[in-house]
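Student: Input file: protein34.txt. Contents: compact mmCIF, C-alpha atoms and all ligand atoms.
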# COMPACT_ATOMS: atom_id res chain seq x y z
CA MET A 1 -207.39 186.66 71.97
CA GLN A 2 -204.91 185.99 69.16
CA SER A 3 -202.93 189.23 69.41
CA TYR A 4 -201.53 191.48 72.12
CA SER A 5 -199.77 194.86 72.08
CA LEU A 6 -197.44 195.72 74.92
CA ILE A 7 -195.50 198.80 75.99
CA ALA A 8 -191.88 197.99 76.92
CA PRO A 9 -190.16 200.88 78.78
CA ALA A 10 -186.41 201.50 78.83
CA LYS A 11 -184.43 201.85 82.07
CA ILE A 12 -181.65 204.03 83.39
CA ASN A 13 -179.25 203.22 86.24
CA LEU A 14 -179.46 205.74 89.06
CA TYR A 15 -176.68 203.73 90.71
CA LEU A 16 -174.33 200.96 89.57
CA GLU A 17 -171.59 199.64 91.83
CA ILE A 18 -169.54 196.55 91.04
CA ILE A 19 -168.96 194.90 94.40
CA GLY A 20 -167.51 191.51 93.57
CA ASP A 21 -166.88 188.59 91.24
CA ARG A 22 -169.15 185.60 90.82
CA PRO A 23 -168.24 181.97 90.16
CA ASP A 24 -170.43 182.08 87.00
CA GLY A 25 -168.16 184.75 85.46
CA TYR A 26 -170.63 187.58 86.04
CA HIS A 27 -170.27 190.35 88.64
CA GLU A 28 -172.00 190.95 91.94
CA LEU A 29 -173.73 194.30 91.53
CA ALA A 30 -175.47 196.85 93.71
CA MET A 31 -177.76 198.91 91.49
CA ILE A 32 -180.79 201.14 91.53
CA LEU A 33 -182.72 200.69 88.32
CA GLN A 34 -185.35 203.14 87.11
CA SER A 35 -187.93 202.82 84.31
CA ILE A 36 -188.44 205.77 81.97
CA ASP A 37 -191.31 206.47 79.61
CA LEU A 38 -189.16 206.10 76.48
CA ALA A 39 -190.57 202.76 75.31
CA ASP A 40 -190.84 200.28 72.44
CA ARG A 41 -194.15 198.71 71.42
CA ILE A 42 -194.27 194.95 70.95
CA ASP A 43 -197.12 193.36 68.96
CA LEU A 44 -197.60 189.60 69.34
CA ARG A 45 -199.79 187.69 66.90
CA ALA A 46 -200.40 183.95 66.55
CA ASN A 47 -199.17 183.12 63.04
CA GLY A 48 -200.66 179.68 62.45
CA THR A 49 -197.22 178.13 61.83
CA ASP A 50 -194.82 176.37 64.18
CA GLN A 51 -192.33 179.25 63.95
CA ILE A 52 -191.25 182.24 65.99
CA ARG A 53 -190.69 185.20 63.67
CA VAL A 54 -189.34 188.61 64.69
CA HIS A 55 -189.95 191.79 62.66
CA CYS A 56 -188.57 195.24 63.46
CA ASP A 57 -189.07 198.66 61.86
CA ASN A 58 -185.36 199.41 62.53
CA PRO A 59 -183.23 197.41 60.05
CA GLN A 60 -180.25 197.51 62.44
CA VAL A 61 -182.06 195.28 64.94
CA PRO A 62 -181.24 191.59 64.31
CA THR A 63 -184.39 189.52 63.82
CA ASP A 64 -182.73 186.10 64.11
CA THR A 65 -182.37 183.85 67.16
CA SER A 66 -179.87 186.31 68.70
CA ASN A 67 -182.68 188.82 69.31
CA LEU A 68 -183.65 188.66 73.00
CA ALA A 69 -187.37 188.82 72.10
CA HIS A 70 -186.86 185.72 69.95
CA ARG A 71 -184.98 184.02 72.79
CA ALA A 72 -187.82 184.82 75.19
CA ALA A 73 -190.40 183.23 72.89
CA ALA A 74 -188.15 180.19 72.29
CA LEU A 75 -187.73 179.79 76.05
CA MET A 76 -191.51 179.89 76.57
CA ALA A 77 -192.01 177.31 73.79
CA GLU A 78 -189.36 175.08 75.41
CA GLN A 79 -190.83 175.42 78.91
CA PHE A 80 -194.46 174.88 77.83
CA PRO A 81 -194.26 172.55 74.80
CA GLN A 82 -197.90 171.39 74.97
CA VAL A 83 -199.24 174.94 75.09
CA TYR A 84 -196.90 175.93 72.25
CA HIS A 85 -198.18 173.01 70.22
CA LYS A 86 -201.79 174.03 70.93
CA TYR A 87 -201.43 177.75 70.08
CA GLY A 88 -198.65 177.47 67.46
CA GLY A 89 -195.99 180.00 66.50
CA VAL A 90 -195.97 183.74 66.96
CA ASP A 91 -195.05 186.87 64.99
CA ILE A 92 -193.28 189.44 67.17
CA ALA A 93 -193.31 192.97 65.73
CA ILE A 94 -190.96 195.40 67.49
CA HIS A 95 -191.64 199.11 67.03
CA LYS A 96 -188.23 200.45 68.08
CA ARG A 97 -187.88 203.80 69.81
CA ILE A 98 -185.22 202.84 72.40
CA PRO A 99 -181.73 203.22 70.90
CA MET A 100 -179.50 200.13 70.71
CA GLY A 101 -176.17 199.63 72.50
CA ALA A 102 -177.28 202.46 74.74
CA GLY A 103 -177.25 201.05 78.29
CA LEU A 104 -181.04 201.46 78.36
CA ALA A 105 -181.98 197.73 78.35
CA GLY A 106 -183.77 198.00 74.99
CA GLY A 107 -183.31 194.32 74.12
CA SER A 108 -184.06 193.18 77.68
CA THR A 109 -187.35 195.07 77.86
CA ASN A 110 -188.45 193.57 74.52
CA ALA A 111 -187.79 190.09 75.95
CA ALA A 112 -189.74 190.98 79.12
CA ALA A 113 -192.70 192.08 76.97
CA VAL A 114 -192.67 188.76 75.07
CA LEU A 115 -192.74 186.78 78.36
CA VAL A 116 -195.63 188.85 79.74
CA GLY A 117 -197.49 188.77 76.40
CA LEU A 118 -197.14 185.02 75.80
CA ASP A 119 -198.25 184.31 79.36
CA LEU A 120 -201.49 186.15 78.46
CA MET A 121 -201.82 184.78 74.93
CA TRP A 122 -201.25 181.19 76.02
CA LYS A 123 -203.43 181.63 79.15
CA LEU A 124 -200.67 180.26 81.39
CA GLY A 125 -201.54 182.33 84.46
CA LEU A 126 -197.91 182.52 85.62
CA THR A 127 -197.17 184.52 88.76
CA GLN A 128 -194.91 187.55 88.57
CA SER A 129 -192.10 185.65 90.30
CA GLU A 130 -192.47 182.73 87.85
CA ILE A 131 -192.17 185.18 84.94
CA GLN A 132 -189.14 186.80 86.58
CA GLU A 133 -187.48 183.41 87.05
CA LEU A 134 -187.80 182.77 83.32
CA ALA A 135 -186.65 186.34 82.65
CA ALA A 136 -183.40 185.77 84.58
CA LYS A 137 -182.51 182.96 82.14
CA ILE A 138 -182.49 185.51 79.29
CA GLY A 139 -180.48 188.36 80.83
CA SER A 140 -179.60 190.09 84.07
CA ASP A 141 -181.84 193.15 83.43
CA VAL A 142 -184.88 191.25 82.12
CA PRO A 143 -186.50 190.49 85.54
CA PHE A 144 -186.44 194.20 86.41
CA CYS A 145 -187.96 195.11 83.04
CA VAL A 146 -190.99 192.88 83.78
CA THR A 147 -192.07 194.91 86.83
CA GLY A 148 -190.17 198.17 86.23
CA GLY A 149 -190.55 201.25 88.42
CA THR A 150 -187.74 201.99 90.90
CA ALA A 151 -185.88 199.05 92.44
CA ILE A 152 -182.71 197.94 94.14
CA ALA A 153 -181.12 195.17 92.07
CA THR A 154 -178.38 192.96 93.51
CA GLY A 155 -176.79 189.60 92.63
CA ARG A 156 -176.35 189.60 88.85
CA GLY A 157 -179.04 192.30 88.78
CA GLU A 158 -181.93 189.83 89.04
CA GLN A 159 -182.58 190.09 92.82
CA LEU A 160 -185.04 192.91 93.17
CA ALA A 161 -186.37 194.98 96.05
CA PRO A 162 -188.91 197.67 95.07
CA LEU A 163 -188.42 201.28 96.17
CA PRO A 164 -190.94 204.14 96.35
CA SER A 165 -191.63 205.74 92.97
CA VAL A 166 -189.69 208.82 91.85
CA ASP A 167 -192.01 209.47 88.90
CA PHE A 168 -192.02 213.20 89.73
CA LEU A 169 -188.57 213.50 88.08
CA TYR A 170 -187.61 213.84 84.41
CA ALA A 171 -184.46 213.01 82.47
CA VAL A 172 -182.76 214.30 79.35
CA LEU A 173 -180.91 211.54 77.53
CA GLY A 174 -178.08 212.04 75.06
CA LYS A 175 -176.51 209.43 72.83
CA HIS A 176 -174.29 209.34 69.75
CA ARG A 177 -176.06 207.36 67.03
CA SER A 178 -172.81 205.77 65.90
CA LEU A 179 -171.58 204.80 69.39
CA ALA A 180 -172.60 201.48 70.94
CA VAL A 181 -170.58 200.22 73.91
CA SER A 182 -170.21 196.46 74.34
CA THR A 183 -171.41 195.50 77.84
CA PRO A 184 -169.15 192.39 78.10
CA TRP A 185 -166.16 194.59 77.11
CA ALA A 186 -167.01 197.18 79.78
CA TYR A 187 -167.27 194.59 82.58
CA LYS A 188 -164.18 192.69 81.42
CA THR A 189 -162.10 195.89 81.31
CA TYR A 190 -163.39 196.90 84.74
CA ARG A 191 -162.32 193.53 86.14
CA GLN A 192 -158.84 193.90 84.61
CA GLN A 193 -158.37 197.33 86.20
CA PHE A 194 -160.28 197.24 89.47
CA GLN A 195 -160.52 193.63 90.64
CA ALA A 196 -158.47 194.60 93.71
CA THR A 197 -161.47 196.66 94.96
CA TYR A 198 -163.84 193.65 94.87
CA ALA A 199 -165.18 192.15 98.11
CA PRO A 200 -162.71 189.36 98.97
CA ASP A 201 -165.18 186.89 100.52
CA PRO A 202 -168.95 186.24 101.00
CA ASP A 203 -169.03 188.05 104.36
CA ALA A 204 -167.48 191.19 102.91
CA LEU A 205 -169.92 190.96 99.99
CA ALA A 206 -172.91 190.66 102.31
CA GLY A 207 -171.63 193.67 104.29
CA ARG A 208 -171.33 195.84 101.18
CA ARG A 209 -174.80 194.78 100.01
CA GLN A 210 -176.24 195.58 103.43
CA ARG A 211 -174.58 199.02 103.57
CA PHE A 212 -176.00 199.79 100.14
CA HIS A 213 -179.56 198.82 101.17
CA SER A 214 -179.42 201.26 104.08
CA GLY A 215 -177.35 203.85 102.18
CA PRO A 216 -177.97 207.53 101.37
CA LEU A 217 -179.44 207.14 97.86
CA VAL A 218 -182.07 204.65 99.07
CA ALA A 219 -182.92 207.14 101.85
CA ALA A 220 -183.14 210.06 99.38
CA ILE A 221 -185.52 208.05 97.18
CA SER A 222 -187.69 207.16 100.19
CA GLN A 223 -187.79 210.86 101.11
CA ARG A 224 -188.58 211.84 97.49
CA ASN A 225 -185.67 214.32 97.65
CA GLY A 226 -184.81 215.08 94.00
CA ALA A 227 -181.75 217.23 94.79
CA GLN A 228 -180.24 214.50 96.98
CA ILE A 229 -181.03 211.81 94.42
CA GLY A 230 -179.29 213.86 91.73
CA SER A 231 -176.18 214.42 93.85
CA LEU A 232 -175.85 210.69 94.69
CA LEU A 233 -176.02 209.25 91.15
CA HIS A 234 -173.12 206.83 90.60
CA ASN A 235 -171.84 204.39 87.98
CA ASP A 236 -168.56 202.45 88.37
CA LEU A 237 -168.49 201.64 84.65
CA GLU A 238 -167.80 205.31 83.88
CA ARG A 239 -164.25 204.60 85.07
CA VAL A 240 -163.55 202.41 82.05
CA VAL A 241 -166.01 203.70 79.44
CA LEU A 242 -165.26 207.46 79.64
CA PRO A 243 -161.48 207.15 79.08
CA ALA A 244 -162.06 204.79 76.12
CA TYR A 245 -164.80 206.94 74.53
CA PRO A 246 -163.82 210.65 74.66
CA GLN A 247 -167.06 211.62 72.86
CA ILE A 248 -169.13 210.20 75.74
CA ALA A 249 -166.90 212.04 78.24
CA GLU A 250 -167.40 215.27 76.26
CA LEU A 251 -171.18 214.80 76.25
CA ARG A 252 -171.14 214.15 79.98
CA GLN A 253 -169.07 217.29 80.58
CA ALA A 254 -171.45 219.43 78.51
CA MET A 255 -174.42 218.07 80.47
CA ALA A 256 -172.66 218.61 83.81
CA ALA A 257 -172.06 222.28 82.92
CA LEU A 258 -175.84 222.92 82.87
CA ASP A 259 -178.13 223.49 85.81
CA THR A 260 -179.56 220.01 86.54
CA LEU A 261 -180.00 217.75 89.57
CA GLY A 262 -177.18 215.45 88.42
CA VAL A 263 -175.63 213.73 85.41
CA MET A 264 -174.55 210.09 84.92
CA MET A 265 -173.88 207.47 82.25
CA SER A 266 -176.50 204.72 82.13
CA GLY A 267 -175.38 201.08 82.39
CA SER A 268 -172.35 200.45 80.20
CA GLY A 269 -173.27 203.48 78.05
CA SER A 270 -173.29 205.02 75.55
CA THR A 271 -176.26 207.05 76.91
CA VAL A 272 -175.62 209.88 79.37
CA PHE A 273 -178.60 211.34 81.24
CA ALA A 274 -179.31 214.46 83.25
CA LEU A 275 -181.98 214.40 85.96
CA VAL A 276 -184.25 217.45 86.13
CA GLU A 277 -187.35 218.52 88.02
CA SER A 278 -189.87 219.28 85.28
CA GLN A 279 -190.78 218.73 81.65
CA VAL A 280 -190.12 222.44 81.00
CA GLN A 281 -186.62 222.20 82.47
CA ALA A 282 -185.98 219.02 80.47
CA GLU A 283 -186.87 220.86 77.26
CA GLN A 284 -184.60 223.81 78.18
CA VAL A 285 -181.69 221.47 78.92
CA ARG A 286 -182.24 219.66 75.64
CA GLN A 287 -182.20 222.96 73.70
CA ARG A 288 -179.03 224.18 75.44
CA LEU A 289 -177.29 220.88 74.74
CA ARG A 290 -178.32 221.02 71.11
CA ALA A 291 -176.85 224.54 70.86
CA ALA A 292 -173.63 223.59 72.71
CA LEU A 293 -173.11 220.33 70.78
CA PRO A 294 -174.35 220.73 67.19
CA ASP A 295 -172.91 217.30 66.19
CA PRO A 296 -175.56 215.66 63.93
CA ASP A 297 -174.49 212.25 65.29
CA LEU A 298 -175.91 213.24 68.70
CA GLU A 299 -179.51 212.48 69.57
CA PHE A 300 -181.43 213.79 72.59
CA TRP A 301 -184.65 212.70 74.26
CA THR A 302 -186.69 214.14 77.12
CA THR A 303 -188.42 211.55 79.24
CA ARG A 304 -190.27 211.13 82.52
CA LEU A 305 -189.26 208.60 85.17
CA THR A 306 -192.11 206.10 85.46
CA SER A 307 -193.39 203.57 87.96
CA SER A 308 -194.53 201.06 85.29
CA GLY A 309 -192.90 198.02 83.76
CA ILE A 310 -194.46 196.02 80.91
CA GLN A 311 -198.04 197.17 80.28
CA LEU A 312 -200.73 196.29 77.79
CA ALA A 313 -201.02 199.05 75.14
CA HIS A 314 -204.44 200.71 74.94
O1 LIG B 401 -176.95 189.31 81.57
P1 LIG B 401 -176.60 190.01 80.32
O2 LIG B 401 -176.52 189.11 79.13
O3 LIG B 401 -177.45 191.23 80.06
O4 LIG B 401 -175.15 190.60 80.54
C1 LIG B 401 -174.36 191.08 79.49
C2 LIG B 401 -172.89 191.01 79.87
O5 LIG B 401 -172.61 191.92 80.93
C3 LIG B 401 -172.44 189.67 80.40
O6 LIG B 401 -172.04 188.83 79.35
C4 LIG B 401 -171.28 190.03 81.31
O7 LIG B 401 -170.13 190.23 80.53
C5 LIG B 401 -171.68 191.38 81.85
N1 LIG B 401 -172.34 191.31 83.17
C6 LIG B 401 -171.57 191.01 84.30
N2 LIG B 401 -172.18 190.93 85.53
C7 LIG B 401 -173.51 191.18 85.66
C8 LIG B 401 -174.29 191.50 84.53
C9 LIG B 401 -173.67 191.56 83.30
O8 LIG B 401 -170.36 190.79 84.21
N3 LIG B 401 -174.07 191.11 86.86
Output the file's structure in the form of structure tokens.
Tutor:
Amino acid sequence: MQSYSLIAPAKINLYLEIIGDRPDGYHELAMILQSIDLADRIDLRANGTDQIRVHCDNPQVPTDTSNLAHRAAALMAEQFPQVYHKYGGVDIAIHKRIPMGAGLAGGSTNAAAVLVGLDLMWKLGLTQSEIQELAAKIGSDVPFCVTGGTAIATGRGEQLAPLPSVDFLYAVLGKHRSLAVSTPWAYKTYRQQFQATYAPDPDALAGRRQRFHSGPLVAAISQRNGAQIGSLLHNDLERVVLPAYPQIAELRQAMAALDTLGVMMSGSGSTVFALVESQVQAEQVRQRLRAALPDPDLEFWTTRLTSSGIQLAH
């Protein structure tokens, strides 16, 4: 087949703890990542040229080589030059629904979709772990986006351990259109302020990782206990992002005043989410937020937590 359409879901962080520094300049993380059914669609089509071309229906999305979907295709072409030569270039059309600069892994999930799609289009037959190895070269969240669902992510975020699905829960997301938080800035600022809390050596790091694996949020997820999950949400990056962005703090406060399972910022922001138990409750929370915060710059979504990563579109 010469064309493929893929669904690329966004993610939220149910948990994000920064536990140490890494020699490569990144951070050692302990996270629980969760796919949601807010998703982009990625169409791949062989274009009969020797070029990779990215198109997007949102003019704010860069379509040059800085786009992670472009980087994913370039990486595949570099890794499999003979296959690239045989099949030729590809047009990548991104139908954007996931907001940018949101902490929802929008760019990462687009890259994951390109890896999965080109593996099919070029009949490579790569295993999931081979695709995830390539994914890790593009970004820390890209391996998770390939398989999605609910997972513990450690290391840079690329070492994954699947958890039981919590797809019985829903989330309301809120984000200011004009606010995009830079992820490198958030991590750099965190290091400047909180480096003293980092694990001082590999043994301490391994201990913290181990405690996290057997910790209360992992147990609550295994027990499918929504109330516990909501009360154990955590994100270290809130400590630097909320003081620097009062609008995000205000949104978080408005969400926390409502009756939900729990509220947290996702990734490095600027999205804040509230976990709820049903679609009906999600809709009620969205309406109350809209009434409490009439700011036209604010956008809200209701979404279900999902157990799927990249999927073929039907
Ligand atoms: O891997 P990715 O390109 O998505 O990461 C974006 C930025 O987030 C990195 O440049 C780095 O500043 C920060 N980061 C980090 N430690 C991680 C993941 C990301 O410091 N484990």
Student: What is the CA of Asp91 in chain A to CA of Ser108 in chain A distance in Å?
Tutor: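 CA of Asp91 in chain A sits 17.9 Å away from CA of Ser108 in chain A.
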Student: Taking all atoms of ligand LIG 401 (chain B) that the file lists, what box with edges along x, y and z, padded by 3 Å per side, do you get, with centre and edge lengths in Å to one decimal, as AutoDock Vina command-line options?
Tutor:
--center_x -173.8 --center_y 190.4 --center_z 83.0 --size_x 13.3 --size_y 9.1 --size_z 13.7
Student: Between A:Gly48, A:Pro200, A:Pro184, A:Gly106, single out the one closest to ligand LIG 401 (chain B), counting all atoms listed in the file.
Tutor: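 Between A:Gly48, A:Pro200, A:Pro184, A:Gly106, the residue approaching ligand LIG 401 (chain B) most closely is A:Pro184.
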Student: Which residues of chain A come within 8 Å of ligand LIG 401 (chain B), and what is each one's closest atom pair and distance in Å (one decimal), counting all atoms listed in the file, sorted by chain and residue number, as a tab-separated table?
Tutor:
residue	atom	partner	partner_atom	distance
A:Gly25	CA	B:LIG401	O8	6.5
A:Tyr26	CA	B:LIG401	O8	3.7
A:His27	CA	B:LIG401	N2	3.7
A:Glu28	CA	B:LIG401	N3	5.5
A:Leu29	CA	B:LIG401	N3	5.7
A:Ser108	CA	B:LIG401	O3	7.3
A:Ala136	CA	B:LIG401	O1	7.9
A:Ile138	CA	B:LIG401	O2	7.0
A:Gly139	CA	B:LIG401	O1	3.7
A:Ser140	CA	B:LIG401	O1	3.7
A:Asp141	CA	B:LIG401	O3	5.9
A:Val142	CA	B:LIG401	O3	7.7
A:Gly155	CA	B:LIG401	N3	6.6
A:Arg156	CA	B:LIG401	N3	3.4
A:Gly157	CA	B:LIG401	N3	5.5
A:Thr183	CA	B:LIG401	O5	4.9
A:Pro184	CA	B:LIG401	O7	3.4
A:Trp185	CA	B:LIG401	O7	6.8
A:Ala186	CA	B:LIG401	O7	7.7
A:Tyr187	CA	B:LIG401	O8	5.2
A:Lys188	CA	B:LIG401	O7	6.5
Student: Closest to Thr306 in chain A among A:Val240, A:Ala10, A:Ala206, A:Ala219, using all atoms listed in the file?
Tutor: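 Among A:Val240, A:Ala10, A:Ala206, A:Ala219, it is A:Ala10 that comes nearest to Thr306 in chain A.
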Student: Quick one: everything within 12 Å of Gln228 in chain A, counting only C-alpha atoms, minus sequence neighbours fewer than 5 positions away in the same chain. Send it as a ChimeraX atom specification.
Tutor: /A:14,216-223,233,260-262,275-276
Student: Nearest residue to Gln82 in chain A out of A:Leu124, A:Leu33, A:Ile52, A:Ile42, using all atoms listed in the file?
Tutor: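 Of the candidates, the smallest distance to Gln82 in chain A is held by A:Leu124.
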Student: In Å, how far is it from CA of Asp236 in chain A to CA of Gln281 in chain A?
Tutor: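 So the answer is 27.4 Å.
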Student: With all atoms listed in the file as the basis for distance, which of A:Leu242, A:Ile19, A:Ala274, A:Met265 is at the shortest distance from Gly230 in chain A?
Tutor: A:Ala274
Student: Calculate how many Å separate CA of Leu237 in chain A from CA of Thr154 in chain A, rounding to one decimal.
Tutor: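 Between CA of Leu237 in chain A and CA of Thr154 in chain A the gap is 15.9 Å.
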Student: Using all atoms listed in the file, find all polymer residues with an atom at most 10 Å away from the point (-193.4, 199.2, 64.9); report them as a ChimeraX atom specification.
Tutor: /A:40-43,55-58,93-97
Student: Please, could you write that set of residues out with C-alpha atoms as an mmCIF file, keeping the file's coordinate frame?
Tutor:
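Saved as selection_36.cif:
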data_model
loop_
_atom_site.group_PDB
_atom_site.id
_atom_site.type_symbol
_atom_site.label_atom_id
_atom_site.label_comp_id
_atom_site.auth_asym_id
_atom_site.auth_seq_id
_atom_site.Cartn_x
_atom_site.Cartn_y
_atom_site.Cartn_z
ATOM 1 C CA ASP A 40 -190.840 200.280 72.440
ATOM 2 C CA ARG A 41 -194.150 198.710 71.420
ATOM 3 C CA ILE A 42 -194.270 194.950 70.950
ATOM 4 C CA ASP A 43 -197.120 193.360 68.960
ATOM 5 C CA HIS A 55 -189.950 191.790 62.660
ATOM 6 C CA CYS A 56 -188.570 195.240 63.460
ATOM 7 C CA ASP A 57 -189.070 198.660 61.860
ATOM 8 C CA ASN A 58 -185.360 199.410 62.530
ATOM 9 C CA ALA A 93 -193.310 192.970 65.730
ATOM 10 C CA ILE A 94 -190.960 195.400 67.490
ATOM 11 C CA HIS A 95 -191.640 199.110 67.030
ATOM 12 C CA LYS A 96 -188.230 200.450 68.080
ATOM 13 C CA ARG A 97 -187.880 203.800 69.810
#
Student: For a quick check of understanding, using all atoms listed in the file, which of A:Arg239, A:Arg53, A:His234, A:His176 has the smallest distance to Asn13 in chain A?
Tutor: A:His234
Student: Would you kindly return, as number ranges by chain, each protein, DNA or RNA residue with an atom no farther than 12 Å from any atom of Ala135 in chain A, considering only C-alpha atoms and excluding same-chain residues fewer than 3 positions away?
Tutor: A: 68-69, 71-73, 75-76, 108-116, 128-132, 138-147, 157-159
Student: Of the residues A:Val90, A:Leu44, A:Ala196, A:Val172, which is the one nearest to Met255 in chain A, using all atoms listed in the file?
Tutor: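 Ranking A:Val90, A:Leu44, A:Ala196, A:Val172 by distance to Met255 in chain A, first place goes to A:Val172.
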Student: At a cut-off of 7 Å, using all atoms listed in the file, what residues contact Leu173 in chain A? Leave out same-chain residues fewer than 6 positions from it and give the result as a list of chain:residue names.
Tutor: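 Neighbouring residues, sequence-local ones excluded: A:Thr271, A:Val272, A:Phe273, A:Ala274, A:Phe300, A:Trp301, A:Thr302.
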Student: Quick one: everything within 10 Å of range 178-181 of chain A, counting only C-alpha atoms, minus sequence neighbours fewer than 3 positions away in the same chain. Send it as a list in words.
Tutor: Pro99, Met100, Gly101, Ala102, Gly103, Lys175, Pro184, Trp185, Ala186, Val241, Ala244, Tyr245, Gln247, Ile248, Gly267, Ser268, Gly269, Ser270, Thr271, Asp297 and Leu298 of chain A
